[in-house]
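Undergrad: Next up, data11.txt (compact mmCIF, N, CA and C atoms).
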# COMPACT_ATOMS: atom_id res chain seq x y z
N MET N 1 14.81 4.55 -18.32
CA MET N 1 15.64 5.66 -18.77
C MET N 1 16.43 6.14 -17.56
N GLN N 2 17.69 6.31 -17.76
CA GLN N 2 18.50 6.92 -16.72
C GLN N 2 18.67 8.39 -17.08
N PHE N 3 18.64 9.22 -16.07
CA PHE N 3 18.79 10.65 -16.32
C PHE N 3 20.28 10.97 -16.45
N ARG N 4 20.86 10.41 -17.53
CA ARG N 4 22.27 10.58 -17.85
C ARG N 4 22.39 10.89 -19.33
N ASN N 5 23.60 11.25 -19.74
CA ASN N 5 23.89 11.54 -21.14
C ASN N 5 22.88 12.55 -21.69
N GLU N 6 22.15 12.19 -22.76
CA GLU N 6 21.23 13.16 -23.37
C GLU N 6 20.08 13.56 -22.44
N TYR N 7 19.82 12.74 -21.42
CA TYR N 7 18.73 13.04 -20.48
C TYR N 7 19.24 13.54 -19.12
N TYR N 8 20.52 13.86 -19.05
CA TYR N 8 21.09 14.34 -17.78
C TYR N 8 20.39 15.62 -17.31
N PHE N 9 19.89 16.41 -18.24
CA PHE N 9 19.22 17.66 -17.85
C PHE N 9 18.00 17.41 -16.98
N LEU N 10 17.47 16.17 -16.98
CA LEU N 10 16.32 15.84 -16.14
C LEU N 10 16.73 15.55 -14.69
N SER N 11 17.99 15.29 -14.48
CA SER N 11 18.50 14.95 -13.15
C SER N 11 18.45 16.16 -12.23
N ASN N 12 18.18 15.90 -10.97
CA ASN N 12 18.21 16.98 -9.98
C ASN N 12 19.63 17.46 -9.72
N MET N 13 20.62 16.72 -10.18
CA MET N 13 22.02 17.09 -10.00
C MET N 13 22.52 17.98 -11.15
N TYR N 14 21.73 18.11 -12.20
CA TYR N 14 22.15 18.88 -13.37
C TYR N 14 22.45 20.32 -12.96
N PRO N 15 23.65 20.81 -13.29
CA PRO N 15 24.01 22.17 -12.88
C PRO N 15 23.25 23.25 -13.65
N CYS N 16 22.42 23.97 -12.93
CA CYS N 16 21.68 25.10 -13.49
C CYS N 16 21.21 25.95 -12.31
N THR N 17 21.22 27.23 -12.48
CA THR N 17 20.84 28.10 -11.37
C THR N 17 19.35 27.99 -11.10
N ILE N 18 19.04 27.72 -9.85
CA ILE N 18 17.65 27.63 -9.39
C ILE N 18 17.42 28.77 -8.41
N GLU N 19 16.41 29.56 -8.65
CA GLU N 19 16.04 30.59 -7.69
C GLU N 19 14.77 30.13 -6.99
N TYR N 20 14.87 29.99 -5.67
CA TYR N 20 13.75 29.49 -4.89
C TYR N 20 13.73 30.18 -3.53
N ASN N 21 12.58 30.71 -3.17
CA ASN N 21 12.41 31.42 -1.90
C ASN N 21 13.47 32.50 -1.69
N GLY N 22 13.77 33.21 -2.76
CA GLY N 22 14.68 34.34 -2.66
C GLY N 22 16.16 33.99 -2.61
N LYS N 23 16.50 32.72 -2.77
CA LYS N 23 17.90 32.30 -2.75
C LYS N 23 18.23 31.61 -4.07
N LYS N 24 19.51 31.66 -4.44
CA LYS N 24 19.97 30.97 -5.65
C LYS N 24 20.76 29.75 -5.26
N TYR N 25 20.53 28.68 -6.00
CA TYR N 25 21.17 27.39 -5.77
C TYR N 25 21.77 26.89 -7.08
N PRO N 26 22.82 26.05 -6.99
CA PRO N 26 23.47 25.56 -8.20
C PRO N 26 22.76 24.41 -8.91
N CYS N 27 21.73 23.84 -8.27
CA CYS N 27 20.96 22.77 -8.91
C CYS N 27 19.71 22.48 -8.08
N VAL N 28 18.82 21.68 -8.63
CA VAL N 28 17.57 21.32 -7.94
C VAL N 28 17.87 20.62 -6.62
N GLU N 29 18.80 19.68 -6.63
CA GLU N 29 19.08 18.90 -5.42
C GLU N 29 19.52 19.78 -4.26
N THR N 30 20.36 20.75 -4.54
CA THR N 30 20.83 21.66 -3.50
C THR N 30 19.66 22.48 -2.94
N ALA N 31 18.81 22.99 -3.82
CA ALA N 31 17.64 23.75 -3.39
C ALA N 31 16.71 22.88 -2.55
N PHE N 32 16.48 21.65 -3.00
CA PHE N 32 15.59 20.73 -2.29
C PHE N 32 16.13 20.40 -0.90
N GLN N 33 17.39 20.03 -0.84
CA GLN N 33 17.97 19.66 0.46
C GLN N 33 17.93 20.82 1.45
N ALA N 34 18.11 22.04 0.96
CA ALA N 34 18.10 23.21 1.83
C ALA N 34 16.73 23.45 2.46
N GLN N 35 15.68 22.87 1.88
CA GLN N 35 14.32 23.08 2.41
C GLN N 35 13.97 22.07 3.49
N LYS N 36 14.78 21.04 3.68
CA LYS N 36 14.46 19.95 4.61
C LYS N 36 14.52 20.33 6.08
N SER N 37 15.25 21.36 6.38
CA SER N 37 15.52 21.68 7.78
C SER N 37 15.28 23.16 8.03
N SER N 38 15.00 23.49 9.27
CA SER N 38 14.89 24.90 9.65
C SER N 38 16.21 25.40 10.22
N ASP N 39 17.25 24.57 10.16
CA ASP N 39 18.59 24.94 10.63
C ASP N 39 19.15 26.03 9.72
N VAL N 40 19.25 27.25 10.23
CA VAL N 40 19.66 28.41 9.44
C VAL N 40 21.05 28.21 8.83
N ASP N 41 21.99 27.65 9.60
CA ASP N 41 23.34 27.42 9.07
C ASP N 41 23.32 26.44 7.91
N PHE N 42 22.53 25.39 8.03
CA PHE N 42 22.43 24.41 6.95
C PHE N 42 21.87 25.07 5.69
N ILE N 43 20.83 25.85 5.85
CA ILE N 43 20.21 26.51 4.69
C ILE N 43 21.19 27.51 4.07
N ARG N 44 21.81 28.32 4.89
CA ARG N 44 22.74 29.33 4.38
C ARG N 44 23.93 28.68 3.68
N ASN N 45 24.55 27.70 4.32
CA ASN N 45 25.72 27.04 3.75
C ASN N 45 25.35 26.13 2.59
N GLY N 46 24.16 25.61 2.61
CA GLY N 46 23.71 24.72 1.56
C GLY N 46 23.57 25.38 0.20
N CYS N 47 23.48 26.68 0.18
CA CYS N 47 23.33 27.41 -1.08
C CYS N 47 24.56 27.26 -1.97
N PHE N 48 25.69 26.88 -1.39
CA PHE N 48 26.94 26.95 -2.12
C PHE N 48 27.54 25.60 -2.47
N VAL N 49 26.89 24.52 -2.16
CA VAL N 49 27.47 23.20 -2.44
C VAL N 49 26.77 22.56 -3.63
N ASP N 50 27.46 21.60 -4.25
CA ASP N 50 26.87 20.87 -5.36
C ASP N 50 25.80 19.91 -4.83
N GLY N 51 25.03 19.35 -5.73
CA GLY N 51 23.91 18.49 -5.35
C GLY N 51 24.33 17.24 -4.60
N PHE N 52 25.44 16.63 -4.99
CA PHE N 52 25.89 15.41 -4.32
C PHE N 52 26.27 15.69 -2.88
N THR N 53 26.95 16.80 -2.64
CA THR N 53 27.32 17.18 -1.29
C THR N 53 26.09 17.55 -0.48
N ALA N 54 25.17 18.30 -1.08
CA ALA N 54 23.94 18.68 -0.39
C ALA N 54 23.14 17.45 0.03
N LYS N 55 23.06 16.47 -0.86
CA LYS N 55 22.31 15.24 -0.54
C LYS N 55 22.96 14.50 0.62
N LYS N 56 24.27 14.43 0.61
CA LYS N 56 25.01 13.77 1.69
C LYS N 56 24.77 14.47 3.02
N ILE N 57 24.86 15.80 3.03
CA ILE N 57 24.63 16.59 4.24
C ILE N 57 23.18 16.46 4.69
N GLY N 58 22.26 16.49 3.72
CA GLY N 58 20.84 16.43 4.02
C GLY N 58 20.39 15.16 4.71
N ARG N 59 21.18 14.11 4.60
CA ARG N 59 20.85 12.85 5.29
C ARG N 59 21.04 12.95 6.80
N HIS N 60 21.74 14.00 7.26
CA HIS N 60 22.10 14.09 8.67
C HIS N 60 21.50 15.30 9.38
N VAL N 61 20.59 16.00 8.74
CA VAL N 61 19.99 17.17 9.39
C VAL N 61 18.70 16.78 10.09
N LYS N 62 18.33 17.59 11.07
CA LYS N 62 17.04 17.40 11.72
C LYS N 62 15.98 17.92 10.76
N LEU N 63 15.05 17.06 10.37
CA LEU N 63 14.02 17.43 9.40
C LEU N 63 12.98 18.38 10.00
N ARG N 64 12.46 19.23 9.16
CA ARG N 64 11.31 20.05 9.55
C ARG N 64 10.20 19.11 10.01
N SER N 65 9.40 19.56 10.94
CA SER N 65 8.33 18.70 11.46
C SER N 65 7.29 18.35 10.40
N ASP N 66 7.14 19.21 9.40
CA ASP N 66 6.13 18.97 8.36
C ASP N 66 6.72 18.38 7.07
N TRP N 67 7.99 17.97 7.11
CA TRP N 67 8.70 17.60 5.88
C TRP N 67 7.97 16.52 5.08
N GLN N 68 7.52 15.47 5.74
CA GLN N 68 6.87 14.38 5.00
C GLN N 68 5.59 14.85 4.30
N ASN N 69 4.96 15.87 4.83
CA ASN N 69 3.73 16.39 4.24
C ASN N 69 3.97 17.37 3.10
N VAL N 70 5.14 18.01 3.08
CA VAL N 70 5.38 19.07 2.10
C VAL N 70 6.44 18.73 1.05
N LYS N 71 7.19 17.66 1.22
CA LYS N 71 8.34 17.42 0.35
C LYS N 71 7.97 17.29 -1.13
N ILE N 72 6.84 16.70 -1.44
CA ILE N 72 6.45 16.56 -2.86
C ILE N 72 6.12 17.92 -3.45
N ASP N 73 5.37 18.74 -2.72
CA ASP N 73 5.04 20.08 -3.22
C ASP N 73 6.29 20.95 -3.36
N VAL N 74 7.23 20.80 -2.42
CA VAL N 74 8.49 21.54 -2.50
C VAL N 74 9.23 21.13 -3.77
N MET N 75 9.31 19.82 -4.02
CA MET N 75 10.00 19.35 -5.22
C MET N 75 9.32 19.88 -6.48
N LYS N 76 7.99 19.87 -6.52
CA LYS N 76 7.28 20.41 -7.68
C LYS N 76 7.65 21.87 -7.91
N ASP N 77 7.63 22.66 -6.85
CA ASP N 77 7.93 24.08 -6.98
C ASP N 77 9.36 24.32 -7.47
N ILE N 78 10.29 23.55 -6.96
CA ILE N 78 11.69 23.73 -7.35
C ILE N 78 11.89 23.30 -8.80
N ILE N 79 11.25 22.23 -9.21
CA ILE N 79 11.38 21.78 -10.60
C ILE N 79 10.70 22.78 -11.54
N ARG N 80 9.60 23.36 -11.12
CA ARG N 80 8.99 24.43 -11.93
C ARG N 80 9.99 25.58 -12.12
N ALA N 81 10.69 25.92 -11.04
CA ALA N 81 11.69 27.00 -11.12
C ALA N 81 12.81 26.62 -12.09
N LYS N 82 13.19 25.37 -12.10
CA LYS N 82 14.25 24.91 -13.01
C LYS N 82 13.85 25.14 -14.46
N PHE N 83 12.61 24.85 -14.78
CA PHE N 83 12.18 24.93 -16.17
C PHE N 83 11.67 26.32 -16.57
N HIS N 84 11.98 27.33 -15.75
CA HIS N 84 11.84 28.72 -16.20
C HIS N 84 12.92 29.01 -17.23
N ASN N 85 14.00 28.25 -17.16
CA ASN N 85 15.09 28.37 -18.12
C ASN N 85 14.58 27.93 -19.50
N LYS N 86 14.64 28.83 -20.48
CA LYS N 86 14.05 28.57 -21.80
C LYS N 86 14.65 27.34 -22.49
N GLN N 87 15.97 27.18 -22.40
CA GLN N 87 16.62 26.04 -23.06
C GLN N 87 16.21 24.73 -22.40
N LEU N 88 16.18 24.71 -21.08
CA LEU N 88 15.76 23.49 -20.38
C LEU N 88 14.29 23.18 -20.65
N ARG N 89 13.46 24.21 -20.70
CA ARG N 89 12.04 24.02 -21.02
C ARG N 89 11.89 23.39 -22.39
N LYS N 90 12.63 23.89 -23.35
CA LYS N 90 12.59 23.36 -24.72
C LYS N 90 13.01 21.88 -24.74
N MET N 91 14.05 21.55 -23.97
CA MET N 91 14.53 20.18 -23.91
C MET N 91 13.50 19.25 -23.26
N LEU N 92 12.85 19.74 -22.20
CA LEU N 92 11.81 18.93 -21.54
C LEU N 92 10.65 18.69 -22.50
N LEU N 93 10.21 19.73 -23.17
CA LEU N 93 9.10 19.58 -24.12
C LEU N 93 9.47 18.64 -25.27
N ALA N 94 10.73 18.60 -25.63
CA ALA N 94 11.20 17.73 -26.72
C ALA N 94 11.13 16.25 -26.35
N THR N 95 10.90 15.93 -25.08
CA THR N 95 10.74 14.53 -24.70
C THR N 95 9.37 14.00 -25.14
N GLY N 96 8.53 14.88 -25.68
CA GLY N 96 7.24 14.46 -26.22
C GLY N 96 6.36 13.83 -25.17
N ASN N 97 5.91 12.62 -25.46
CA ASN N 97 5.04 11.90 -24.53
C ASN N 97 5.75 10.73 -23.87
N LYS N 98 7.08 10.73 -23.92
CA LYS N 98 7.84 9.65 -23.29
C LYS N 98 7.54 9.59 -21.81
N GLU N 99 7.46 8.37 -21.31
CA GLU N 99 7.35 8.21 -19.87
C GLU N 99 8.73 8.51 -19.29
N LEU N 100 8.79 9.42 -18.36
CA LEU N 100 10.06 9.80 -17.74
C LEU N 100 10.20 9.04 -16.43
N VAL N 101 11.19 8.18 -16.38
CA VAL N 101 11.41 7.33 -15.22
C VAL N 101 12.87 7.45 -14.80
N GLU N 102 13.09 7.77 -13.55
CA GLU N 102 14.45 7.80 -13.02
C GLU N 102 14.83 6.38 -12.60
N ASP N 103 15.36 5.62 -13.55
CA ASP N 103 15.88 4.28 -13.24
C ASP N 103 17.18 4.45 -12.50
N ASN N 104 17.31 3.79 -11.38
CA ASN N 104 18.53 3.95 -10.61
C ASN N 104 18.97 2.62 -10.02
N SER N 105 20.22 2.60 -9.61
CA SER N 105 20.79 1.39 -9.01
C SER N 105 21.08 1.60 -7.53
N TRP N 106 20.75 2.77 -7.01
CA TRP N 106 21.08 3.08 -5.62
C TRP N 106 19.91 2.85 -4.66
N GLY N 107 18.83 2.26 -5.16
CA GLY N 107 17.74 1.86 -4.28
C GLY N 107 16.76 2.95 -3.89
N ASP N 108 16.59 3.95 -4.74
CA ASP N 108 15.61 5.00 -4.46
C ASP N 108 14.27 4.58 -5.04
N TYR N 109 13.43 4.07 -4.17
CA TYR N 109 12.12 3.56 -4.59
C TYR N 109 11.02 4.61 -4.50
N PHE N 110 11.33 5.76 -3.92
CA PHE N 110 10.33 6.82 -3.82
C PHE N 110 10.44 7.78 -5.00
N TRP N 111 11.59 8.40 -5.18
CA TRP N 111 11.76 9.39 -6.26
C TRP N 111 11.96 8.71 -7.61
N GLY N 112 12.40 7.48 -7.62
CA GLY N 112 12.66 6.78 -8.88
C GLY N 112 12.19 5.34 -8.82
N ARG N 113 12.83 4.53 -9.65
CA ARG N 113 12.59 3.09 -9.67
C ARG N 113 13.93 2.37 -9.71
N CYS N 114 13.98 1.27 -9.02
CA CYS N 114 15.16 0.43 -9.00
C CYS N 114 14.72 -0.97 -9.43
N ASN N 115 15.32 -1.45 -10.49
CA ASN N 115 14.93 -2.75 -11.04
C ASN N 115 13.43 -2.82 -11.35
N GLY N 116 12.89 -1.72 -11.84
CA GLY N 116 11.48 -1.65 -12.24
C GLY N 116 10.50 -1.45 -11.10
N VAL N 117 10.99 -1.31 -9.89
CA VAL N 117 10.12 -1.18 -8.72
C VAL N 117 10.31 0.21 -8.11
N GLY N 118 9.20 0.89 -7.83
CA GLY N 118 9.27 2.18 -7.16
C GLY N 118 8.17 3.12 -7.61
N GLU N 119 8.02 4.22 -6.88
CA GLU N 119 6.95 5.17 -7.15
C GLU N 119 7.26 6.15 -8.28
N ASN N 120 8.54 6.36 -8.57
CA ASN N 120 8.95 7.27 -9.64
C ASN N 120 8.35 8.67 -9.48
N MET N 121 8.37 9.17 -8.26
CA MET N 121 7.76 10.48 -8.01
C MET N 121 8.45 11.59 -8.81
N LEU N 122 9.78 11.53 -8.96
CA LEU N 122 10.47 12.55 -9.74
C LEU N 122 10.00 12.51 -11.20
N GLY N 123 9.91 11.33 -11.77
CA GLY N 123 9.43 11.22 -13.15
C GLY N 123 8.01 11.74 -13.30
N LYS N 124 7.16 11.44 -12.34
CA LYS N 124 5.77 11.92 -12.37
C LYS N 124 5.72 13.45 -12.31
N ILE N 125 6.57 14.03 -11.47
CA ILE N 125 6.60 15.49 -11.36
C ILE N 125 7.09 16.10 -12.66
N LEU N 126 8.13 15.53 -13.25
CA LEU N 126 8.64 16.04 -14.53
C LEU N 126 7.57 15.98 -15.61
N MET N 127 6.82 14.87 -15.66
CA MET N 127 5.75 14.75 -16.66
C MET N 127 4.62 15.74 -16.39
N LEU N 128 4.32 16.00 -15.13
CA LEU N 128 3.32 17.00 -14.77
C LEU N 128 3.77 18.39 -15.22
N ILE N 129 5.01 18.74 -14.94
CA ILE N 129 5.53 20.05 -15.33
C ILE N 129 5.54 20.16 -16.86
N ARG N 130 5.93 19.11 -17.53
CA ARG N 130 5.92 19.10 -19.00
C ARG N 130 4.51 19.36 -19.52
N SER N 131 3.53 18.73 -18.90
CA SER N 131 2.13 18.94 -19.28
C SER N 131 1.70 20.39 -19.04
N GLU N 132 2.09 20.94 -17.90
CA GLU N 132 1.76 22.34 -17.59
C GLU N 132 2.37 23.29 -18.60
N LEU N 133 3.60 23.01 -19.02
CA LEU N 133 4.30 23.89 -19.96
C LEU N 133 3.67 23.88 -21.34
N ARG N 134 2.97 22.83 -21.68
CA ARG N 134 2.31 22.75 -22.98
C ARG N 134 1.12 23.68 -23.09
N CYS N 135 0.54 24.02 -21.95
CA CYS N 135 -0.66 24.88 -21.96
C CYS N 135 -0.35 26.31 -22.18
What do you get writing this file as structure tokens?

TA:
Amino acid sequence: MQFRNEYYFLSNMYPCTIEYNGKKYPCVETAFQAQKSSDVDFIRNGCFVDGFTAKKIGRHVKLRSDWQNVKIDVMKDIIRAKFHNKQLRKMLLATGNKELVEDNSWGDYFWGRCNGVGENMLGKILMLIRSELRC
């Protein structure tokens, strides 16, 4: 499944206001990228760019020393914040028990799968949040 068309709302690039750590962001990707660095200018300026721009900028910042240890928990928290939105929550729950997999062609083997290979961490987080919302 690609997070496009009817499933675009699952994408981290989907435009929706995310409130995280007291700041508002235009999408999950922007919020996530802003957490990668302790560079105050990057975090402050990152609040205002779209997800594609944030991802591009995020490739060139000095990472927090603990980033590899916290990035999954950060993503979980930001995605939880995304699904505070009632309409998005309803759409996520409407996926039922489908396996959510970010199939991609850009070679992301950690957050998604490329040609059936990868950890699909984003899909796993979405399914976890979906499970939490059912309770």

Undergrad: Please, what distance in Å, to one decimal, runs between atom N of Ser11 (chain N) and CA of Lys62 (chain N)?

TA: 26.3 Å

Undergrad: One decimal, in Å: what's the spacing between CA of Glu6 (chain N) and CA of Lys98 (chain N)?

TA: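 Taking CA of Glu6 (chain N) as the start and CA of Lys98 (chain N) as the end point, the length is 13.8 Å.
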
Undergrad: Would you be able to write out as JSON, numbers by chain which residues have an atom within 8 Å of (9.1, 12.2, -5.0) in the file's coordinates, counting all atoms listed in the file?

TA: {"N": [71, 72, 73, 75, 76, 109, 110, 111, 112, 119, 120, 121, 122, 123, 124, 125]}

Undergrad: Restricting the calculation to only C-alpha atoms: of N:Val101, N:Ile57, N:Val49, N:Cys114, which residue gets closest to Phe3 (chain N)?

TA: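 With only C-alpha atoms as the atom set, the closest residue is N:Val101.
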
Undergrad: Closest to Ile78 (chain N) among N:Phe32, N:Phe9, N:Tyr25, N:Tyr14, using only C-alpha atoms?

TA: N:Phe32

Undergrad: Suppose you want the space between atom N of Glu99 (chain N) and CA of Gln2 (chain N); what is it in Å?

TA: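 Rounded to one decimal, the two atoms are 12.0 Å apart.
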